[in-house]
>>> print(open('run_11.txt').read())   # compact mmCIF, C-alpha atoms
# COMPACT_ATOMS: atom_id res chain seq x y z
CA MET A 1 100.42 75.88 138.87
CA SER A 2 98.75 75.91 135.47
CA GLY A 3 101.12 74.13 133.05
CA GLY A 4 100.88 70.50 131.93
CA GLY A 5 97.88 69.06 130.09
CA GLY A 6 97.98 69.00 126.30
CA GLY A 7 100.23 66.32 124.88
CA GLY A 8 100.32 63.94 127.83
CA GLY A 9 100.67 66.29 130.80
CA GLY A 10 103.63 67.99 132.42
CA SER A 11 105.98 65.99 134.58
CA GLY A 12 109.02 66.51 136.70
CA SER A 13 109.88 69.29 139.10
CA GLY A 14 106.70 71.44 138.79
CA GLY A 15 108.76 74.46 137.74
CA ASN A 16 110.32 75.36 141.12
CA THR A 17 113.58 76.66 139.66
CA ARG A 18 114.66 79.14 142.31
CA SER A 19 113.70 82.50 140.76
CA PHE A 20 112.74 80.87 137.46
CA GLN A 21 109.26 79.40 137.30
CA ILE A 22 107.86 78.51 133.92
CA ASP A 23 104.46 79.94 134.93
CA LYS A 24 105.87 83.43 135.42
CA LEU A 25 107.55 83.35 132.02
CA LEU A 26 104.42 82.04 130.27
CA GLU A 27 102.32 84.66 132.06
CA THR A 28 104.59 87.34 130.55
CA VAL A 29 104.20 85.83 127.08
CA VAL A 30 100.39 85.78 127.39
CA LYS A 31 100.12 89.26 128.95
CA GLU A 32 102.45 90.89 126.38
CA ARG A 33 100.83 88.88 123.54
CA VAL A 34 104.24 87.99 122.10
CA SER A 35 104.74 85.09 119.72
CA ASP A 36 107.66 83.12 121.16
CA LEU A 37 109.72 82.49 124.28
CA HIS A 38 113.36 81.38 123.84
CA ILE A 39 115.15 79.56 126.66
CA THR A 40 118.88 78.86 126.33
CA VAL A 41 121.94 78.76 128.57
CA GLY A 42 124.10 81.88 128.93
CA GLN A 43 121.49 84.63 128.58
CA PRO A 44 118.17 85.64 130.17
CA PRO A 45 114.91 84.34 128.62
CA VAL A 46 114.17 86.10 125.30
CA ILE A 47 110.76 86.90 123.79
CA ARG A 48 109.96 87.62 120.15
CA SER A 49 107.77 90.70 120.01
CA GLY A 50 106.58 92.16 116.70
CA GLY A 51 109.13 89.97 114.93
CA ARG A 52 112.06 91.26 117.04
CA MET A 53 114.01 89.48 119.80
CA VAL A 54 113.84 91.14 123.24
CA ARG A 55 115.72 89.95 126.35
CA LEU A 56 113.75 89.88 129.59
CA GLU A 57 115.29 91.78 132.48
CA THR A 58 116.09 88.76 134.62
CA ARG A 59 119.28 86.91 135.43
CA THR A 60 121.21 84.74 133.02
CA LEU A 61 120.02 81.13 132.72
CA THR A 62 122.29 78.26 133.82
CA ALA A 63 122.29 74.67 132.53
CA ASP A 64 120.35 73.62 135.66
CA ASP A 65 117.75 76.34 135.01
CA THR A 66 117.03 75.22 131.45
CA THR A 67 116.93 71.52 132.43
CA ASN A 68 114.48 72.20 135.28
CA LEU A 69 112.30 74.44 133.13
CA MET A 70 112.20 71.71 130.48
CA LYS A 71 111.28 69.00 133.01
CA SER A 72 108.47 71.12 134.46
CA ILE A 73 106.43 70.98 131.22
CA THR A 74 107.75 68.11 129.08
CA PRO A 75 105.85 64.76 129.07
CA GLU A 76 107.90 61.64 129.88
CA ARG A 77 107.71 60.24 126.34
CA ASN A 78 109.11 63.52 124.97
CA GLN A 79 111.91 63.57 127.54
CA GLN A 80 112.78 60.08 126.34
CA GLU A 81 112.76 61.24 122.69
CA LEU A 82 115.00 64.18 123.66
CA GLN A 83 117.55 61.76 125.13
CA GLU A 84 117.40 59.40 122.15
CA ARG A 85 117.23 61.90 119.28
CA GLY A 86 118.46 65.21 120.66
CA GLY A 87 115.15 67.00 120.19
CA THR A 88 111.38 66.73 120.63
CA ASP A 89 108.19 68.71 119.91
CA PHE A 90 104.87 68.76 121.76
CA GLY A 91 101.90 70.97 122.54
CA PHE A 92 100.57 71.81 126.00
CA ALA A 93 97.88 73.95 127.59
CA PHE A 94 98.71 76.80 129.95
CA GLY A 95 95.45 76.57 131.89
CA ASP A 96 92.75 78.19 129.78
CA LYS A 97 94.96 81.18 128.90
CA ALA A 98 96.82 79.82 125.87
CA ARG A 99 98.30 76.76 124.26
CA PHE A 100 101.96 76.45 123.46
CA ARG A 101 103.85 74.53 120.80
CA VAL A 102 107.19 73.57 122.32
CA ALA A 103 110.47 72.60 120.61
CA VAL A 104 113.05 71.19 123.05
CA PHE A 105 116.58 70.53 121.81
CA LYS A 106 120.16 69.99 122.89
CA GLN A 107 122.88 72.50 122.03
CA ARG A 108 126.48 72.15 123.24
CA GLY A 109 125.18 69.26 125.33
CA MET A 110 122.74 71.51 127.23
CA ILE A 111 118.99 72.06 126.98
CA GLY A 112 117.36 74.80 124.90
CA MET A 113 113.65 75.44 124.29
CA VAL A 114 111.45 77.58 122.08
CA LEU A 115 107.79 77.96 123.10
CA ARG A 116 105.40 79.33 120.48
CA ARG A 117 102.16 80.85 121.82
CA VAL A 118 99.04 79.55 120.11
CA PRO A 119 96.25 82.01 120.94
CA ASN A 120 92.99 80.60 122.29
CA GLU A 121 90.77 82.80 120.17
CA PHE A 122 90.24 82.27 116.44
CA LEU A 123 90.73 85.34 114.25
CA THR A 124 88.24 86.14 111.48
CA PHE A 125 89.17 86.38 107.81
CA GLU A 126 88.77 90.15 108.11
CA GLN A 127 91.05 90.41 111.15
CA LEU A 128 93.74 88.43 109.33
CA GLY A 129 93.23 90.37 106.09
CA LEU A 130 92.85 87.09 104.17
CA PRO A 131 91.98 87.47 100.48
CA ALA A 132 88.18 87.42 100.16
CA ILE A 133 88.30 84.64 97.55
CA CYS A 134 89.48 82.16 100.26
CA LYS A 135 85.91 81.91 101.59
CA ASP A 136 84.63 80.84 98.14
CA LEU A 137 87.44 78.34 97.53
CA ILE A 138 87.00 76.47 100.82
CA GLN A 139 83.31 75.92 100.08
CA ARG A 140 84.14 73.88 96.97
CA PRO A 141 83.11 70.20 97.16
CA ARG A 142 86.65 68.96 96.51
CA GLY A 143 90.19 70.09 95.77
CA LEU A 144 93.61 70.81 97.23
CA PHE A 145 94.09 74.18 98.94
CA LEU A 146 97.68 74.93 99.97
CA VAL A 147 98.86 77.48 102.53
CA THR A 148 102.58 78.13 102.17
CA GLY A 149 105.35 80.32 103.51
CA PRO A 150 108.48 80.11 105.63
CA THR A 151 108.41 79.03 109.28
CA CYS A 152 106.67 81.62 111.50
CA SER A 153 104.63 83.15 108.67
CA GLY A 154 101.24 82.48 110.25
CA LYS A 155 100.18 79.45 108.19
CA THR A 156 98.71 77.64 111.21
CA THR A 157 96.68 80.71 112.21
CA SER A 158 95.25 81.15 108.70
CA LEU A 159 94.31 77.47 108.47
CA ALA A 160 92.76 77.50 111.95
CA SER A 161 90.65 80.49 110.89
CA MET A 162 89.43 78.65 107.76
CA ILE A 163 88.63 75.44 109.67
CA ASN A 164 86.83 77.49 112.33
CA TRP A 165 84.73 79.26 109.67
CA MET A 166 83.77 75.91 108.09
CA ASN A 167 83.00 74.49 111.53
CA HIS A 168 80.49 77.30 112.16
CA ASN A 169 78.99 77.47 108.67
CA MET A 170 79.06 73.98 107.10
CA ASP A 171 77.90 70.55 108.27
CA HIS A 172 81.09 68.65 107.47
CA HIS A 173 83.24 65.94 108.98
CA ILE A 174 86.65 67.61 109.36
CA ILE A 175 89.77 65.59 110.19
CA THR A 176 92.99 67.40 111.09
CA LEU A 177 96.36 65.64 111.07
CA GLU A 178 98.84 67.73 113.06
CA ASP A 179 102.32 67.52 114.57
CA PRO A 180 101.61 68.69 117.25
CA ILE A 181 97.97 69.86 117.61
CA GLU A 182 98.00 73.63 118.08
CA TYR A 183 94.51 75.15 117.97
CA TYR A 184 91.82 73.06 119.67
CA HIS A 185 88.48 73.02 117.82
CA GLU A 186 85.14 72.17 119.43
CA HIS A 187 82.24 70.67 117.45
CA HIS A 188 79.84 73.36 116.21
CA HIS A 189 78.03 72.89 112.90
CA SER A 190 80.68 70.36 111.86
CA THR A 191 82.17 67.30 113.54
CA ILE A 192 85.93 67.74 114.06
CA ASN A 193 88.43 65.00 114.88
CA GLN A 194 92.02 66.10 115.51
CA ARG A 195 94.77 63.47 115.32
CA GLU A 196 98.26 64.16 116.61
CA ILE A 197 101.18 62.51 114.80
CA GLY A 198 103.22 60.42 117.24
CA VAL A 199 100.36 60.28 119.78
CA ASP A 200 97.20 59.20 117.94
CA VAL A 201 98.81 57.87 114.75
CA PRO A 202 102.45 57.15 113.84
CA SER A 203 102.96 59.22 110.65
CA PHE A 204 101.33 61.59 108.15
CA PRO A 205 101.07 58.98 105.32
CA GLU A 206 99.49 56.46 107.71
CA ALA A 207 97.13 59.14 109.09
CA LEU A 208 96.03 60.13 105.56
CA ARG A 209 95.39 56.50 104.56
CA ARG A 210 93.25 55.99 107.66
CA ALA A 211 91.45 59.32 107.23
CA LEU A 212 90.05 58.26 103.84
CA ARG A 213 88.17 55.41 105.60
CA MET A 214 86.62 57.78 108.15
CA ASP A 215 83.98 59.39 105.89
CA PRO A 216 85.72 62.80 105.76
CA ASP A 217 84.57 65.91 103.90
CA VAL A 218 87.67 67.92 104.80
CA ILE A 219 91.18 66.75 105.69
CA LEU A 220 93.88 69.09 106.98
CA VAL A 221 97.43 67.76 106.51
CA GLY A 222 99.64 69.72 108.91
CA GLU A 223 102.75 69.26 106.80
CA MET A 224 103.26 67.86 103.30
CA ARG A 225 106.91 67.07 103.74
CA ASP A 226 107.54 63.90 101.69
CA LEU A 227 106.55 62.17 98.45
CA GLU A 228 104.20 59.70 100.14
CA THR A 229 102.22 62.41 101.98
CA ILE A 230 102.06 64.74 98.95
CA SER A 231 100.92 61.92 96.69
CA ALA A 232 98.23 60.78 99.15
CA ALA A 233 97.00 64.39 99.62
CA ILE A 234 96.64 64.93 95.85
CA THR A 235 94.78 61.63 95.46
CA ALA A 236 92.44 62.50 98.36
CA ALA A 237 91.69 65.88 96.76
CA GLU A 238 90.95 64.22 93.41
CA THR A 239 88.54 61.71 94.94
CA GLY A 240 86.01 64.14 96.36
CA HIS A 241 87.49 65.71 99.50
CA VAL A 242 88.67 69.20 100.35
CA VAL A 243 92.31 68.82 101.43
CA PHE A 244 94.25 71.59 103.16
CA GLY A 245 98.02 71.29 103.21
CA THR A 246 101.04 73.36 104.16
CA LEU A 247 104.49 73.64 102.61
CA HIS A 248 107.51 75.74 103.56
CA THR A 249 107.68 77.31 100.12
CA THR A 250 107.56 80.96 99.06
CA GLY A 251 105.14 81.97 96.33
CA ALA A 252 102.64 79.99 94.26
CA GLN A 253 105.02 79.31 91.38
CA GLY A 254 107.71 77.89 93.70
CA THR A 255 105.11 75.75 95.46
CA VAL A 256 103.94 74.04 92.25
CA ASP A 257 107.57 73.41 91.19
CA ARG A 258 108.45 72.03 94.61
CA ILE A 259 105.56 69.53 94.61
CA ILE A 260 106.45 68.23 91.13
CA ASP A 261 110.20 68.08 91.90
CA VAL A 262 109.56 65.76 94.87
CA PHE A 263 108.60 63.00 92.40
CA PRO A 264 110.99 60.94 90.25
CA THR A 265 111.38 62.27 86.70
CA ASN A 266 109.41 59.42 85.14
CA GLN A 267 106.35 60.28 87.31
CA GLN A 268 106.43 64.06 86.91
CA GLU A 269 104.20 64.26 83.83
CA GLN A 270 101.50 62.19 85.53
CA ILE A 271 101.77 64.31 88.73
CA ARG A 272 101.43 67.52 86.70
CA THR A 273 98.15 66.22 85.33
CA GLN A 274 96.92 65.04 88.74
CA LEU A 275 97.93 68.30 90.42
CA ALA A 276 96.30 70.39 87.67
CA ASN A 277 93.04 68.48 88.23
CA ALA A 278 93.20 68.60 92.05
CA ILE A 279 94.54 72.01 93.04
CA ILE A 280 92.07 74.87 93.60
CA GLY A 281 94.25 77.54 95.21
CA ILE A 282 97.55 78.48 96.83
CA LEU A 283 97.78 81.08 99.58
CA SER A 284 101.39 82.11 100.22
CA GLN A 285 102.08 84.40 103.14
CA ALA A 286 104.73 86.42 104.98
CA LEU A 287 104.53 88.26 108.31
CA CYS A 288 105.89 91.82 108.58
CA PRO A 289 106.40 94.04 111.64
CA ARG A 290 103.45 96.42 111.82
CA LYS A 291 103.86 100.07 112.83
CA PRO A 292 103.98 100.93 115.72
CA LYS A 293 103.81 97.35 117.11
CA GLY A 294 102.50 93.93 116.25
CA LEU A 295 102.54 91.97 112.99
CA VAL A 296 100.61 92.10 109.73
CA ALA A 297 100.45 89.49 106.96
CA ALA A 298 101.17 89.98 103.28
CA TYR A 299 99.52 87.42 100.99
CA GLU A 300 100.03 85.98 97.54
CA MET A 301 96.86 84.34 96.20
CA LEU A 302 96.73 81.98 93.25
CA VAL A 303 93.26 80.86 92.15
CA VAL A 304 93.55 77.90 89.82
CA THR A 305 91.52 78.79 86.72
CA PRO A 306 91.32 76.44 83.70
CA ALA A 307 94.11 78.52 82.06
CA ILE A 308 96.39 78.11 85.09
CA ALA A 309 95.57 74.39 85.33
CA ASN A 310 96.81 74.14 81.72
CA LEU A 311 100.09 75.89 82.63
CA ILE A 312 100.63 73.33 85.42
CA ARG A 313 99.72 70.43 83.11
CA GLU A 314 102.09 71.65 80.38
CA GLY A 315 105.00 72.42 82.73
CA LYS A 316 104.85 76.18 82.06
CA THR A 317 104.95 77.22 85.72
CA PHE A 318 107.27 80.15 84.87
CA ARG A 319 104.15 81.89 83.50
CA ILE A 320 102.18 81.61 86.78
CA ASN A 321 103.35 84.96 88.20
CA SER A 322 102.22 86.93 85.15
CA SER A 323 98.88 85.05 85.27
CA ILE A 324 98.43 86.12 88.90
CA GLN A 325 99.19 89.71 87.89
CA THR A 326 96.47 89.68 85.23
CA GLY A 327 94.07 87.62 87.37
CA ARG A 328 93.01 90.31 89.84
CA LYS A 329 89.38 89.95 88.77
CA PHE A 330 89.52 86.34 90.05
CA GLY A 331 90.82 87.49 93.46
CA MET A 332 94.53 86.93 92.77
CA ILE A 333 97.42 89.03 94.02
CA LEU A 334 101.23 88.74 93.95
CA LEU A 335 103.12 88.84 97.25
CA ASP A 336 105.10 91.92 96.17
CA ASP A 337 101.88 93.78 95.30
CA SER A 338 100.55 92.95 98.77
CA LEU A 339 103.81 94.16 100.37
CA PHE A 340 103.69 97.37 98.30
CA ASN A 341 100.13 98.00 99.53
CA LEU A 342 101.24 97.52 103.17
CA TRP A 343 103.99 100.14 102.64
CA LYS A 344 101.70 102.50 100.71
CA SER A 345 99.02 102.39 103.42
CA GLY A 346 101.63 103.21 106.09
CA LEU A 347 101.30 99.89 107.94
CA CYS A 348 104.91 98.75 107.38
CA ASP A 349 108.36 100.30 106.96
CA GLU A 350 110.06 100.14 103.58
CA LYS A 351 112.97 98.04 104.88
CA ASP A 352 110.58 95.42 106.31
CA VAL A 353 108.57 94.95 103.10
CA LEU A 354 111.78 94.77 101.04
CA TYR A 355 113.13 92.09 103.40
CA LYS A 356 110.10 89.86 102.72
CA SER A 357 109.93 90.58 98.98
CA ASN A 358 110.41 87.96 96.24
CA ASN A 359 111.94 90.64 93.96
CA PRO A 360 113.38 93.31 96.28
CA GLY A 361 115.10 95.22 93.45
CA GLU A 362 111.84 95.66 91.53
CA LEU A 363 109.88 96.51 94.67
CA ARG A 364 112.47 99.10 95.75
CA ALA A 365 112.28 100.79 92.32
CA ARG A 366 108.49 100.78 92.50
CA ILE A 367 108.52 102.36 95.98
CA GLU A 368 110.96 105.04 94.76
CA ARG A 369 108.63 105.84 91.83
CA ALA A 370 105.65 105.99 94.20
CA LYS A 371 107.52 108.46 96.43
CA ARG A 372 107.78 110.72 93.38
CA GLY A 373 104.05 110.29 92.74
CA VAL A 374 104.50 107.88 89.82
CA PHE A 375 102.39 104.70 90.21
CA ASP A 376 102.67 101.62 87.97
CA GLU A 377 99.48 101.29 86.00
CA ASN A 378 99.62 97.51 85.78
CA ASN A 379 99.81 97.19 89.58
CA ASN A 380 97.35 99.91 90.43
CA ASP A 381 94.73 98.69 92.90
CA ASP A 382 91.91 100.06 90.76
CA ASP A 383 93.12 98.65 87.47
CA ASP A 384 92.48 95.09 86.26
CA ASP A 385 94.49 95.26 83.07
CA GLU A 386 98.16 94.57 82.55
>>> encode(input="run_11.txt", output="structure tokens")
Amino acid sequence: MSGGGGGGGGSGSGGNTRSFQIDKLLETVVKERVSDLHITVGQPPVIRSGGRMVRLETRTLTADDTTNLMKSITPERNQQELQERGGTDFGFAFGDKARFRVAVFKQRGMIGMVLRRVPNEFLTFEQLGLPAICKDLIQRPRGLFLVTGPTCSGKTTSLASMINWMNHNMDHHIITLEDPIEYYHEHHHSTINQREIGVDVPSFPEALRRALRMDPDVILVGEMRDLETISAAITAAETGHVVFGTLHTTGAQGTVDRIIDVFPTNQQEQIRTQLANAIIGILSQALCPRKPKGLVAAYEMLVVTPAIANLIREGKTFRINSSIQTGRKFGMILLDDSLFNLWKSGLCDEKDVLYKSNNPGELRARIERAKRGVFDENNNDDDDDE
């Protein structure tokens, strides 16, 4: 038996669920290198492979099956939270093979679970295809660097890669605030302290307040989901720390608007100024099915130049996209340009890049022109001018 560990250890029945043992299912997930395992009553276990849902060829799960599977890996405190609130999240280690982030929930009064595989190995910037400018931005002495995108877009993996690079190349004190902890970091060139919300500290705002008294160089805020956390993260970035944060927003322009809209109207002008001073970059990402199998990321990269800081300060965020388009020499790229490049290089199908696009109509027209051998000059990879 190799489950348990992580966020307080497994408890309960040890996974002896007639023909269903959690170990066998997790072994399949690790061996097939799939991203998620879905457990729910009324169908066999389902894995997400290359972005698509695939049923395992086993029998249909009963209510007893899902309850026993849940009890075999869920710590007592999380089982209590499940009863009280109808859902709980935690991380746990599957031996030394992988870590999993687990969401347990009730549906129709029965238990469901989704287990997300967190790989043990860190990927390099090159393996992830991250924009090269990321390496320069994270070496700045201070500033707010945001990684955004919908759920399951690879934000955690990108951030883990950046933290891992800093850990091996810079002598920093890095504090991560996560809910739950996913990638485990060891101390290399840097000292890393990882705090789990709900286990080590009650909330993100509280964790951020405490972090500022712990002599940090870098603070990672797992989720900037409310006014208090966003405000504290901006202040920390202004006062001489590198702050990484994530938001479930699409695109750089939408991210800036979302941050400002969180604040009451009478504070928005002040926040625009603070944000313009603090922010150094926004990486927005989407995951696409890769041909013939696997996933590949498309990125939008905003590098905050003095001109873009002015747009933020003056509330002219609607001009950010055109600034990204003309800012290729600074390492910027629009998401739709990145998606077009994935299609053009044969890595992704047309339908998949259109599905992830911010402007599918424009991208479709551009792909049609490219099929006829007509390429847009202002988006050409070799051309810096609009």
>>> closest_residue(input="run_11.txt", among="A:Gln107, A:Gln80, A:Thr60, A:Thr157", to="A:Asn120", atoms="only C-alpha atoms")
A:Thr157
>>> closest_residue(input="run_11.txt", among="A:Ile367, A:Glu223, A:Gly373, A:Gly240", to="A:Lys351", atoms="all atoms listed in the file")
A:Ile367
>>> axis_aligned_box(input="run_11.txt", around="stretch 71-77 of chain A", padding_each_side="4 Å", output="AutoDock Vina command-line options")
--center_x 108.6 --center_y 65.7 --center_z 130.4 --size_x 13.4 --size_y 18.9 --size_z 16.1
>>> residues_around(input="run_11.txt", residues="A:Phe204", least_positions_apart="4", cutoff="10 Å", atoms="only C-alpha atoms", output="ChimeraX atom specification")
/A:177-179,195-198,208-210,221-226,228-230,232-233
>>> closest_residue(input="run_11.txt", among="A:Pro360, A:Gly109, A:Gly50, A:Gly251", to="A:Leu335", atoms="all atoms listed in the file")
A:Gly251
>>> residues_around(input="run_11.txt", residues="stretch 343-346 of chain A", least_positions_apart="4", cutoff="9 Å", atoms="all atoms listed in the file", output="ChimeraX atom specification")
/A:291,338-339,350,352-353,367,370
>>> atom_distance(input="run_11.txt", atom1="atom CA of A:Gly331", atom2="atom CA of A:Met162")
16.9 Å
>>> atom_distance(input="run_11.txt", atom1="atom CA of A:Arg372", atom2="atom CA of A:Gly294")
28.9 Å
>>> residues_around(input="run_11.txt", residues="A:Tyr183", least_positions_apart="2", cutoff="8 Å", atoms="all atoms listed in the file", output="compact mmCIF listing (two decimals) with C-alpha atoms, keeping the file's coordinate frame")
# COMPACT_ATOMS: atom_id res chain seq x y z
CA ARG A 99 98.30 76.76 124.26
CA VAL A 118 99.04 79.55 120.11
CA PRO A 119 96.25 82.01 120.94
CA ASN A 120 92.99 80.60 122.29
CA ALA A 160 92.76 77.50 111.95
CA ILE A 181 97.97 69.86 117.61
CA HIS A 185 88.48 73.02 117.82
>>> atom_distance(input="run_11.txt", atom1="atom CA of A:Thr58", atom2="atom CA of A:Val29")
14.4 Å
>>> closest_residue(input="run_11.txt", among="A:Asp64, A:Glu182, A:Asp215, A:Asp36", to="A:Gly91", atoms="all atoms listed in the file")
A:Glu182
>>> closest_residue(input="run_11.txt", among="A:Met110, A:Ala276, A:Ala309, A:Val243", to="A:Leu146", atoms="all atoms listed in the file")
A:Val243
>>> residues_around(input="run_11.txt", residues="A:Pro141", least_positions_apart="3", cutoff="9 Å", atoms="all atoms listed in the file", output="list in words")
Ile138, Asp217, Gly240, His241 and Val242 of chain A
>>> residues_near_point(input="run_11.txt", point="(97.6, 97.1, 102.8)", cutoff="12 Å", atoms="only C-alpha atoms", output="PyMOL selection string")
chain A and resi 128-131+288+290+296-299+333+335-349+353+381
>>> closest_residue(input="run_11.txt", among="A:Leu227, A:Val147, A:Leu159, A:Leu354", to="A:Thr255", atoms="all atoms listed in the file")
A:Val147
>>> residues_near_point(input="run_11.txt", point="(83.3, 70.3, 103.9)", cutoff="12 Å", atoms="only C-alpha atoms", output="count of residues only")
37
